[in-house]
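Visitor: Sending over query.csv (CSV, C-alpha atoms and all ligand atoms).
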```
chain,number,residue,atom,x,y,z
W,1,MET,CA,110.9,106.3,74.9
W,2,ASN,CA,111.1,102.5,74.7
W,3,SER,CA,112.1,102.3,78.4
W,4,ALA,CA,109.0,104.4,79.3
W,5,ASP,CA,106.8,102.0,77.2
W,6,SER,CA,108.4,98.9,78.8
W,7,GLU,CA,107.8,100.4,82.2
W,8,SER,CA,104.2,101.2,81.4
W,9,LEU,CA,103.6,97.6,80.2
W,10,ALA,CA,105.4,96.1,83.2
W,11,ARG,CA,103.3,98.2,85.6
W,12,ARG,CA,100.1,97.0,84.0
W,13,MET,CA,101.3,93.3,84.2
W,14,LEU,CA,102.3,93.7,87.8
W,15,ALA,CA,98.9,95.2,88.6
W,16,ALA,CA,97.4,92.0,87.1
W,17,GLY,CA,99.4,89.7,89.4
W,18,TYR,CA,102.3,88.8,87.2
W,19,VAL,CA,105.9,88.9,88.5
W,20,GLU,CA,109.1,89.5,86.7
W,21,ASP,CA,111.4,86.4,86.5
W,22,SER,CA,114.3,85.0,84.5
W,23,LEU,CA,113.6,83.9,80.9
W,24,GLU,CA,114.2,80.3,81.9
W,25,ARG,CA,111.4,80.4,84.5
W,26,ALA,CA,109.1,82.7,82.7
W,27,ASP,CA,105.8,81.9,80.9
W,28,VAL,CA,105.8,85.1,78.9
W,29,ALA,CA,108.6,86.8,77.0
W,30,ILE,CA,107.9,90.3,75.5
W,31,LEU,CA,110.3,92.0,73.2
W,32,ASN,CA,110.0,95.8,73.0
W,33,SER,CA,111.5,96.8,69.7
W,34,CYS,CA,113.2,99.8,68.2
W,35,VAL,CA,113.6,100.3,64.5
W,36,VAL,CA,115.3,103.7,64.3
W,37,ARG,CA,118.3,102.0,62.7
W,38,GLN,CA,118.6,98.8,60.7
W,39,ALA,CA,120.9,97.4,63.4
W,40,SER,CA,118.3,97.7,66.1
W,41,GLU,CA,115.6,96.1,63.9
W,42,ASP,CA,118.0,93.2,63.1
W,43,ARG,CA,118.5,92.6,66.8
W,44,VAL,CA,114.8,92.0,67.2
W,45,TYR,CA,114.8,89.4,64.5
W,46,SER,CA,117.8,87.7,65.9
W,47,LYS,CA,116.2,87.6,69.4
W,48,LEU,CA,113.0,86.2,67.9
W,49,HIS,CA,115.1,83.4,66.2
W,50,GLU,CA,116.7,82.7,69.6
W,51,LEU,CA,113.4,82.4,71.3
W,52,LYS,CA,112.3,79.6,69.0
W,53,GLU,CA,114.3,77.2,71.3
W,54,TRP,CA,112.6,78.6,74.4
W,55,LYS,CA,109.1,78.4,73.0
W,56,SER,CA,106.9,75.5,74.2
W,57,PRO,CA,103.1,75.1,74.2
W,58,GLY,CA,102.6,76.7,77.6
W,59,ARG,CA,104.8,79.7,76.8
W,60,THR,CA,103.9,83.0,75.1
W,61,ILE,CA,106.1,85.3,73.0
W,62,ALA,CA,104.9,88.8,72.2
W,63,VAL,CA,106.5,91.7,70.3
W,64,THR,CA,105.6,95.3,70.8
W,65,GLY,CA,107.3,98.6,69.9
W,66,CYS,CA,107.9,100.4,66.6
W,67,ILE,CA,108.4,97.2,64.6
W,68,VAL,CA,104.7,96.5,65.0
W,69,ALA,CA,103.7,99.6,63.1
W,70,LYS,CA,106.4,98.8,60.5
W,71,GLU,CA,105.8,95.1,59.9
W,72,GLY,CA,102.4,94.3,61.6
W,73,ASP,CA,101.1,90.8,61.3
W,74,HIS,CA,103.7,90.0,58.7
W,75,LEU,CA,105.9,89.2,61.7
W,76,LYS,CA,103.7,86.3,62.6
W,77,HIS,CA,104.1,84.8,59.1
W,78,ARG,CA,107.9,85.2,59.3
W,79,PHE,CA,108.0,83.8,62.9
W,80,PRO,CA,105.3,81.3,63.4
W,81,HIS,CA,106.3,80.7,67.0
W,82,LEU,CA,105.3,84.4,67.8
W,83,ASP,CA,102.0,84.6,69.6
W,84,ALA,CA,101.1,88.2,69.9
W,85,VAL,CA,101.9,91.5,68.0
W,86,VAL,CA,101.0,94.3,70.4
W,87,PRO,CA,100.8,97.9,69.1
W,88,ILE,CA,102.5,100.6,71.3
W,89,GLY,CA,100.2,101.6,74.1
W,90,GLN,CA,97.5,99.0,73.5
W,91,TYR,CA,98.6,96.9,76.5
W,92,GLU,CA,95.2,96.6,78.1
W,93,SER,CA,93.7,94.1,75.6
W,94,PHE,CA,97.0,92.2,75.5
W,95,VAL,CA,97.1,91.7,79.3
W,96,THR,CA,93.4,90.7,79.3
W,97,ASP,CA,94.1,88.1,76.6
W,98,LEU,CA,97.0,86.8,78.8
W,99,GLU,CA,94.7,86.6,81.8
W,100,ALA,CA,92.4,84.3,79.9
W,101,ARG,CA,95.3,82.1,78.9
W,102,TYR,CA,97.0,81.9,82.3
W,103,ASP,CA,94.1,81.8,84.7
W,104,TYR,CA,96.5,80.9,87.5
W,105,ALA,CA,97.9,84.3,87.2
W,106,GLN,CA,95.0,85.7,89.3
W,107,GLY,CA,97.3,85.8,92.4
W,108,GLU,CA,98.1,88.8,94.4
W,109,PRO,CA,97.8,91.9,92.3
W,110,MET,CA,100.9,93.9,93.2
W,111,PRO,CA,100.6,97.6,93.4
W,112,ALA,CA,103.0,99.2,90.9
W,113,ALA,CA,104.4,101.3,93.7
W,114,GLY,CA,107.9,100.4,94.7
W,115,ARG,CA,108.8,99.8,91.0
W,116,THR,CA,109.7,103.4,90.5
W,117,GLY,CA,113.4,103.9,90.4
W,118,ILE,CA,115.6,106.9,91.0
W,119,SER,CA,114.6,108.3,87.6
W,120,HIS,CA,111.1,108.1,86.3
W,121,TYR,CA,110.3,108.6,82.6
W,122,VAL,CA,107.1,110.3,81.7
W,123,ARG,CA,105.9,110.4,78.1
W,124,VAL,CA,104.4,113.8,77.3
W,125,ILE,CA,104.1,113.5,73.5
W,126,GLN,CA,103.7,110.4,71.5
W,127,GLY,CA,104.6,110.5,67.8
W,128,CYS,CA,106.2,113.3,65.8
W,129,ASP,CA,104.7,115.9,63.4
W,130,HIS,CA,108.1,116.6,61.7
W,131,ASN,CA,109.1,114.8,58.5
W,132,CYS,CA,112.8,114.6,58.5
W,133,THR,CA,113.6,112.8,55.3
W,134,PHE,CA,115.9,110.2,57.0
W,135,CYS,CA,113.6,109.3,59.9
W,136,ILE,CA,111.1,106.5,60.2
W,137,VAL,CA,109.7,107.6,63.6
W,138,PRO,CA,106.6,109.5,62.2
W,139,ARG,CA,105.7,106.4,60.3
W,140,VAL,CA,106.0,104.0,63.2
W,141,ARG,CA,104.9,106.3,66.1
W,142,GLY,CA,102.3,108.3,64.2
W,143,ARG,CA,101.4,112.0,64.5
W,144,GLU,CA,101.8,113.8,67.8
W,145,GLN,CA,99.4,113.2,70.6
W,146,HIS,CA,100.0,115.4,73.7
W,147,VAL,CA,99.2,114.3,77.2
W,148,PRO,CA,97.2,116.9,79.2
W,149,LEU,CA,99.4,118.9,81.5
W,150,GLN,CA,97.4,118.0,84.6
W,151,ALA,CA,97.8,114.3,83.8
W,152,VAL,CA,101.6,114.7,83.4
W,153,VAL,CA,101.8,116.5,86.7
W,154,ALA,CA,99.7,113.9,88.5
W,155,GLU,CA,101.9,111.1,87.1
W,156,CYS,CA,105.1,113.0,88.2
W,157,ARG,CA,103.6,113.6,91.7
W,158,GLN,CA,102.8,109.9,92.0
W,159,ALA,CA,106.3,108.8,90.9
W,160,VAL,CA,107.9,111.2,93.5
W,161,ALA,CA,105.6,109.9,96.2
W,162,GLU,CA,106.8,106.4,95.3
W,163,GLY,CA,110.4,107.4,95.6
W,164,ALA,CA,111.6,108.9,92.3
W,165,LYS,CA,114.1,111.6,92.7
W,166,GLU,CA,114.4,112.6,89.0
W,167,ILE,CA,111.7,113.0,86.4
W,168,VAL,CA,112.5,112.8,82.7
W,169,LEU,CA,109.9,114.3,80.4
W,170,LEU,CA,109.9,112.5,77.0
W,171,GLY,CA,108.8,113.4,73.5
W,172,GLN,CA,110.4,112.7,70.2
W,173,ASN,CA,110.2,116.4,69.8
W,174,VAL,CA,109.5,117.5,73.4
W,175,ASP,CA,109.7,121.2,72.7
W,176,ASP,CA,106.6,121.0,70.6
W,177,TYR,CA,104.6,120.0,73.7
W,178,HIS,CA,101.4,121.9,74.3
W,179,ASP,CA,98.7,121.1,76.7
W,180,PRO,CA,95.5,120.0,74.8
W,181,ASP,CA,93.5,121.8,77.5
W,182,GLY,CA,95.2,125.1,76.7
W,183,HIS,CA,97.5,125.5,79.7
W,184,GLY,CA,100.7,126.3,77.8
W,185,GLY,CA,103.7,124.5,76.3
W,186,LEU,CA,106.8,122.8,77.6
W,187,ALA,CA,108.0,125.8,79.6
W,188,ALA,CA,104.7,125.9,81.5
W,189,LEU,CA,104.8,122.2,82.1
W,190,VAL,CA,108.4,122.3,83.4
W,191,ARG,CA,107.5,125.2,85.6
W,192,GLU,CA,104.7,123.2,87.2
W,193,VAL,CA,106.6,119.9,87.6
W,194,GLN,CA,109.7,121.4,89.2
W,195,LEU,CA,107.5,122.6,92.1
W,196,ILE,CA,106.7,119.1,93.2
W,197,ALA,CA,107.9,118.7,96.8
W,198,GLY,CA,110.7,116.1,97.1
W,199,LEU,CA,111.7,116.2,93.4
W,200,LYS,CA,115.4,116.7,93.1
W,201,ARG,CA,115.9,116.8,89.3
W,202,LEU,CA,113.9,117.4,86.2
W,203,ARG,CA,115.1,116.6,82.7
W,204,PHE,CA,113.4,116.6,79.3
W,205,MET,CA,114.3,115.2,75.9
W,206,THR,CA,114.7,115.4,72.9
W,207,SER,CA,114.7,119.0,71.8
W,208,HIS,CA,114.4,120.3,68.3
W,209,PRO,CA,116.2,123.4,67.1
W,210,GLN,CA,113.1,124.6,65.2
W,211,ASP,CA,110.8,124.5,68.2
W,212,LEU,CA,112.9,125.3,71.2
W,213,GLU,CA,111.8,128.6,72.7
W,214,SER,CA,113.9,130.9,74.8
W,215,GLU,CA,111.3,131.0,77.5
W,216,LEU,CA,112.2,127.3,78.2
W,217,LEU,CA,115.9,128.2,78.6
W,218,GLU,CA,114.9,131.0,81.0
W,219,VAL,CA,112.9,128.6,83.1
W,220,MET,CA,115.9,126.2,83.2
W,221,ALA,CA,118.3,129.0,84.1
W,222,GLY,CA,116.1,130.1,87.0
W,223,SER,CA,115.6,126.7,88.5
W,224,ASP,CA,117.5,124.6,91.0
W,225,VAL,CA,115.7,121.5,90.0
W,226,VAL,CA,115.7,121.6,86.2
W,227,CYS,CA,119.0,120.1,84.9
W,228,ARG,CA,121.3,122.2,82.9
W,229,GLU,CA,121.5,119.8,79.9
W,230,LEU,CA,120.1,120.1,76.4
W,231,GLN,CA,119.8,117.2,74.0
W,232,LEU,CA,119.7,119.2,70.8
W,233,PRO,CA,120.4,117.2,67.6
W,234,VAL,CA,121.9,119.3,64.9
W,235,GLN,CA,122.3,116.4,62.4
W,236,SER,CA,124.5,118.4,60.0
W,237,GLY,CA,126.6,121.6,60.0
W,238,ASP,CA,125.8,122.3,56.3
W,239,ASP,CA,122.7,124.3,55.3
W,240,THR,CA,122.2,122.4,52.0
W,241,VAL,CA,122.2,119.1,53.7
W,242,LEU,CA,119.9,120.4,56.5
W,243,ARG,CA,117.5,121.4,53.7
W,244,ARG,CA,117.6,118.0,52.1
W,245,MET,CA,117.0,116.5,55.5
W,246,ALA,CA,114.0,118.8,55.9
W,247,ARG,CA,115.1,119.8,59.4
W,248,GLY,CA,113.5,123.2,59.1
W,249,TYR,CA,116.4,125.3,60.4
W,250,GLN,CA,119.7,126.6,59.3
W,251,THR,CA,123.1,126.5,61.1
W,252,ARG,CA,122.9,130.2,62.1
W,253,HIS,CA,119.6,129.5,63.9
W,254,TYR,CA,121.2,126.6,65.8
W,255,ARG,CA,124.2,128.7,66.7
W,256,ALA,CA,121.9,131.4,68.1
W,257,ILE,CA,120.1,128.9,70.3
W,258,VAL,CA,123.4,127.6,71.7
W,259,ASP,CA,124.7,131.2,72.2
W,260,ASN,CA,121.5,132.1,74.1
W,261,ALA,CA,121.6,128.9,76.2
W,262,ARG,CA,125.3,129.5,77.1
W,263,ARG,CA,124.6,133.2,77.9
W,264,LEU,CA,122.0,132.1,80.4
W,265,MET,CA,123.8,128.9,81.7
W,266,PRO,CA,127.5,129.1,80.9
W,267,ASP,CA,128.2,125.5,82.1
W,268,ILE,CA,125.2,123.9,80.3
W,269,GLY,CA,125.8,120.4,79.0
W,270,LEU,CA,125.2,120.1,75.3
W,271,VAL,CA,124.5,116.8,73.6
W,272,THR,CA,123.9,116.4,69.8
W,273,ASP,CA,123.3,113.9,67.1
W,274,VAL,CA,125.1,114.0,63.7
W,275,ILE,CA,124.6,112.0,60.6
W,276,VAL,CA,127.5,111.7,58.2
W,277,GLY,CA,127.3,110.6,54.6
W,278,PHE,CA,123.7,111.8,54.0
W,279,PRO,CA,122.7,111.7,50.3
W,280,GLY,CA,124.4,114.6,48.5
W,281,GLU,CA,126.9,115.4,51.4
W,282,SER,CA,130.0,116.6,49.5
W,283,GLU,CA,133.4,116.8,51.1
W,284,ALA,CA,132.8,120.6,51.6
W,285,ALA,CA,129.5,119.9,53.3
W,286,TYR,CA,131.1,117.4,55.6
W,287,LEU,CA,133.8,119.9,56.4
W,288,ASN,CA,131.1,122.4,57.4
W,289,THR,CA,129.8,119.8,59.9
W,290,ARG,CA,133.3,119.2,61.2
W,291,ALA,CA,133.8,123.0,61.7
W,292,LEU,CA,130.5,123.3,63.5
W,293,VAL,CA,131.3,120.4,65.9
W,294,GLU,CA,134.7,122.1,66.6
W,295,GLU,CA,133.1,125.4,67.2
W,296,MET,CA,130.2,124.3,69.3
W,297,GLU,CA,132.3,122.1,71.7
W,298,PHE,CA,129.5,119.7,72.4
W,299,ASP,CA,129.9,117.5,75.5
W,300,VAL,CA,128.6,114.5,73.7
W,301,VAL,CA,128.1,113.9,69.9
W,302,HIS,CA,126.2,110.8,68.8
W,303,ILE,CA,127.5,110.2,65.4
W,304,ALA,CA,125.8,107.8,62.9
W,305,MET,CA,126.7,106.9,59.3
W,306,TYR,CA,123.7,107.4,57.1
W,307,SER,CA,121.9,104.2,56.1
W,308,PRO,CA,118.6,104.3,54.2
W,309,ARG,CA,115.6,103.2,56.2
W,310,PRO,CA,113.0,101.7,53.9
W,311,GLY,CA,109.8,103.8,53.9
W,312,THR,CA,111.5,107.1,54.4
W,313,PHE,CA,111.6,109.9,51.9
W,314,ALA,CA,115.4,109.8,51.6
W,315,ALA,CA,115.4,106.0,51.0
W,316,THR,CA,112.8,106.2,48.2
W,317,ARG,CA,113.7,109.5,46.6
W,318,MET,CA,117.4,110.2,47.2
W,319,ASP,CA,120.5,108.5,45.9
W,320,ASP,CA,122.6,107.0,48.7
W,321,ASP,CA,125.6,108.4,46.8
W,322,VAL,CA,128.4,108.6,49.5
W,323,PRO,CA,130.4,105.4,49.3
W,324,HIS,CA,130.6,103.3,52.5
W,325,GLN,CA,134.3,103.8,52.9
W,326,GLU,CA,133.9,107.6,52.7
W,327,LYS,CA,131.1,107.5,55.3
W,328,LEU,CA,133.4,105.5,57.5
W,329,ARG,CA,136.3,107.9,57.1
W,330,ARG,CA,134.0,110.9,58.0
W,331,LEU,CA,132.6,109.0,61.0
W,332,ASN,CA,136.1,108.1,62.3
W,333,ASP,CA,137.4,111.6,61.7
W,334,LEU,CA,134.5,113.2,63.6
W,335,LEU,CA,134.8,110.6,66.4
W,336,ALA,CA,138.5,111.5,66.9
W,337,LEU,CA,137.8,115.2,66.9
W,338,GLN,CA,135.0,114.8,69.4
W,339,ARG,CA,137.2,112.6,71.7
W,340,GLU,CA,139.7,115.5,71.9
W,341,ILE,CA,136.9,118.1,72.5
W,342,ALA,CA,135.3,115.9,75.2
W,343,ALA,CA,138.6,115.4,77.0
W,344,ARG,CA,139.3,119.1,76.9
W,345,LYS,CA,135.9,120.0,78.2
W,346,THR,CA,135.8,117.4,80.9
W,347,ALA,CA,139.2,118.6,82.2
W,348,ARG,CA,137.5,122.0,83.0
W,349,TRP,CA,135.6,120.3,85.8
W,350,LEU,CA,138.9,119.5,87.7
W,351,GLY,CA,139.0,121.0,91.2
W,352,ARG,CA,135.3,122.1,91.0
W,353,GLU,CA,132.5,121.1,93.3
W,354,VAL,CA,129.6,119.3,91.5
W,355,GLU,CA,126.3,117.9,92.7
W,356,VAL,CA,125.8,114.2,91.9
W,357,LEU,CA,122.5,112.4,92.1
W,358,ILE,CA,123.5,108.8,93.0
W,359,GLU,CA,122.0,106.1,90.7
W,360,GLY,CA,123.8,103.0,91.7
W,361,ARG,CA,127.2,101.3,92.1
W,362,ASP,CA,129.6,100.5,89.3
W,363,GLU,CA,131.5,97.2,88.8
W,364,LEU,CA,134.1,98.3,91.4
W,365,HIS,CA,131.2,99.0,93.8
W,366,ARG,CA,131.8,102.8,93.7
W,367,PRO,CA,128.7,105.0,93.9
W,368,TYR,CA,128.0,106.7,90.5
W,369,GLY,CA,125.5,109.1,89.3
W,370,ARG,CA,125.2,112.2,87.1
W,371,ILE,CA,125.9,115.9,87.7
W,372,ARG,CA,123.2,118.4,86.8
W,373,GLN,CA,124.9,119.0,83.4
W,374,GLY,CA,124.5,115.3,82.5
W,375,LYS,CA,128.0,114.1,82.9
W,376,ARG,CA,128.6,110.8,84.7
W,377,ALA,CA,130.5,111.1,88.0
W,378,ILE,CA,132.0,108.5,90.4
W,379,VAL,CA,132.3,109.0,94.1
W,380,LEU,CA,135.6,107.8,95.6
W,381,ARG,CA,135.5,106.8,99.3
W,382,GLY,CA,131.7,107.0,99.3
W,383,ARG,CA,131.0,103.9,101.4
W,384,ASP,CA,127.8,105.4,103.1
W,385,VAL,CA,126.4,106.8,99.9
W,386,ALA,CA,123.1,105.3,98.7
W,387,PRO,CA,121.1,105.5,95.4
W,388,GLY,CA,118.9,108.6,95.6
W,389,ASP,CA,121.3,110.6,97.7
W,390,VAL,CA,122.6,113.9,96.4
W,391,VAL,CA,126.4,114.2,97.0
W,392,ASN,CA,128.6,117.3,96.7
W,393,LEU,CA,131.7,116.1,95.0
W,394,ARG,CA,135.2,117.7,94.6
W,395,VAL,CA,136.4,116.6,91.2
W,396,ILE,CA,140.0,115.2,91.4
W,397,GLN,CA,140.1,113.3,88.1
W,398,ALA,CA,138.4,113.7,84.7
W,399,THR,CA,138.4,111.5,81.7
W,400,ALA,CA,136.4,112.1,78.4
W,401,GLY,CA,133.6,110.0,79.7
W,402,GLN,CA,133.4,110.7,83.4
W,403,LEU,CA,134.4,112.6,86.5
W,404,LEU,CA,135.8,111.1,89.7
W,405,GLY,CA,135.9,112.9,93.0
W,406,LEU,CA,135.8,112.9,96.7
W,407,PRO,CA,132.8,114.0,98.8
W,408,ALA,CA,133.3,117.7,99.5
W,409,ALA,CA,133.8,118.6,103.1
K,1,LIG,S1,112.0,115.5,64.6
K,1,LIG,FE1,113.1,113.6,65.3
K,1,LIG,S2,111.5,112.0,65.5
K,1,LIG,FE2,110.6,113.7,64.3
K,1,LIG,S3,111.0,113.1,62.2
K,1,LIG,FE3,112.7,114.4,62.8
K,1,LIG,S4,114.3,113.1,63.5
K,1,LIG,FE4,112.4,111.9,63.4
```
Represent the structure of the file as structure tokens.
Ligand code: SF4
Guide:
Amino acid sequence: MNSADSESLARRMLAAGYVEDSLERADVAILNSCVVRQASEDRVYSKLHELKEWKSPGRTIAVTGCIVAKEGDHLKHRFPHLDAVVPIGQYESFVTDLEARYDYAQGEPMPAAGRTGISHYVRVIQGCDHNCTFCIVPRVRGREQHVPLQAVVAECRQAVAEGAKEIVLLGQNVDDYHDPDGHGGLAALVREVQLIAGLKRLRFMTSHPQDLESELLEVMAGSDVVCRELQLPVQSGDDTVLRRMARGYQTRHYRAIVDNARRLMPDIGLVTDVIVGFPGESEAAYLNTRALVEEMEFDVVHIAMYSPRPGTFAATRMDDDVPHQEKLRRLNDLLALQREIAARKTARWLGREVEVLIEGRDELHRPYGRIRQGKRAIVLRGRDVAPGDVVNLRVIQATAGQLLGLPAA
């Protein structure tokens, strides 16, 4: 979501005649912030401290992103060298103010075309109407606003015309998408976007188990363009904890979705998020999560130790009662379990032919990309392969994190 916001601001600035440059040579530095965890918020503060050295009378420092909704103008009191605090999406007036300040920036407006990379992110929902008790997103991103379906399709068409091969539809809870003009939900949108000529891949994220409909899974299963990957956070494998998190589903519902997805697409890639050490998570509750992770055999599990985010329901109304050491033990235990599962699952790709959309070259100059199920893959002996190509690869080696293979004959 932040990448999409950065891209949108960068496009607006390029259109006004600005160019991207190194920090040393730049006049304007903009920090796009994330506050989903304390660590990400702290990184913004530390970057702002660092920029104090960089600041001079002719230079501008701006902050945008979620921290603006959380801290507002208070940021300027704390960091007097900060010039602008820009709310998410309100880039127009910021760029206009900059133009008044740097009148030499009236050079050649650059069309934003050519900026589009292999993957293009398109925000279809801003904000979230859920109220998970641990989450700060609804406070900083507000209630859901849905982009009209025709506007999304037009943006996707434009991106593909500019060279994008993959579109990623974004929403904090993307399954909740509905066209404000009444032309259907996410399944209808996906059905339309996948028809764009020249588009090779279509992804969407992040799904919510309460809102994901089987119609969407059916559209995925019937398409050669929609990727077979679901980002479906479960957060906990214990129903009591899920209730305290206000997630709105139970584990049996989650299992039913996964069963249905795997019935339609047996090789679907499944990515989830888990929080360990949530308030009230007993040892038995943790073991339920562990058992669920073992049973589901996810491809990737993003595991976080619970830490209270000020301003959330859990931080103000629940006792953070799982000791830090215990949270750490659960985290490491789950990480070790998932490492085994991931290695086992990845090995199943050995000898198979997979389709890779090439994104770039790694540090050893080998072309890399991702398969339709989301896994990273490296092309060995792929000297002529370029970003944007789709390569059929015979997998000859598999690690927990990636596949390696040779172009199939
Ligand atoms: S659905 Fe996701 S973004 Fe929305 S409140 Fe819950 S965790 Fe936060």
Visitor: For CA of Thr316 (chain W) and CA of Val86 (chain W), quote the distance in Å rounded to one decimal.
Guide: 27.8 Å
Visitor: Counting all atoms listed in the file, what residues are within 10 Å of ligand LIG 1 (chain K), given as a PyMOL selection string?
Guide: chain W and resi 36+126-144+171-174+176+206-211+233-235+245-248+273+312
Visitor: Figure out the distance between CA of His302 (chain W) and CA of Gly401 (chain W), please, to one decimal in Å.
Guide: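 One can read the CA of Gly401 (chain W) to CA of His302 (chain W) distance as 13.2 Å.
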Visitor: For Tyr254 (chain W), which residue among W:Ala62, W:Leu232, W:Met318, W:Ile275 is the nearest when counting only C-alpha atoms?
Guide: W:Leu232
Visitor: One decimal, in Å: what's the spacing between CA of Arg309 (chain W) and CA of Ile67 (chain W)?
Guide: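 Interatomic distance, CA of Arg309 (chain W) to CA of Ile67 (chain W): 12.6 Å.
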Visitor: Write out as a list in words the residues lying within 6 Å of Gln250 (chain W), counting all atoms listed in the file and excluding same-chain residues fewer than 2 positions away.
Guide: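 My list of contacting residues is Asp239, Arg252 and His253 of chain W.
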Visitor: Which one is closest to Pro87 (chain W): W:Thr272, W:Leu335, W:Leu31, W:Gly58? Count all atoms listed in the file.
Guide: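 Closest candidate: W:Leu31.
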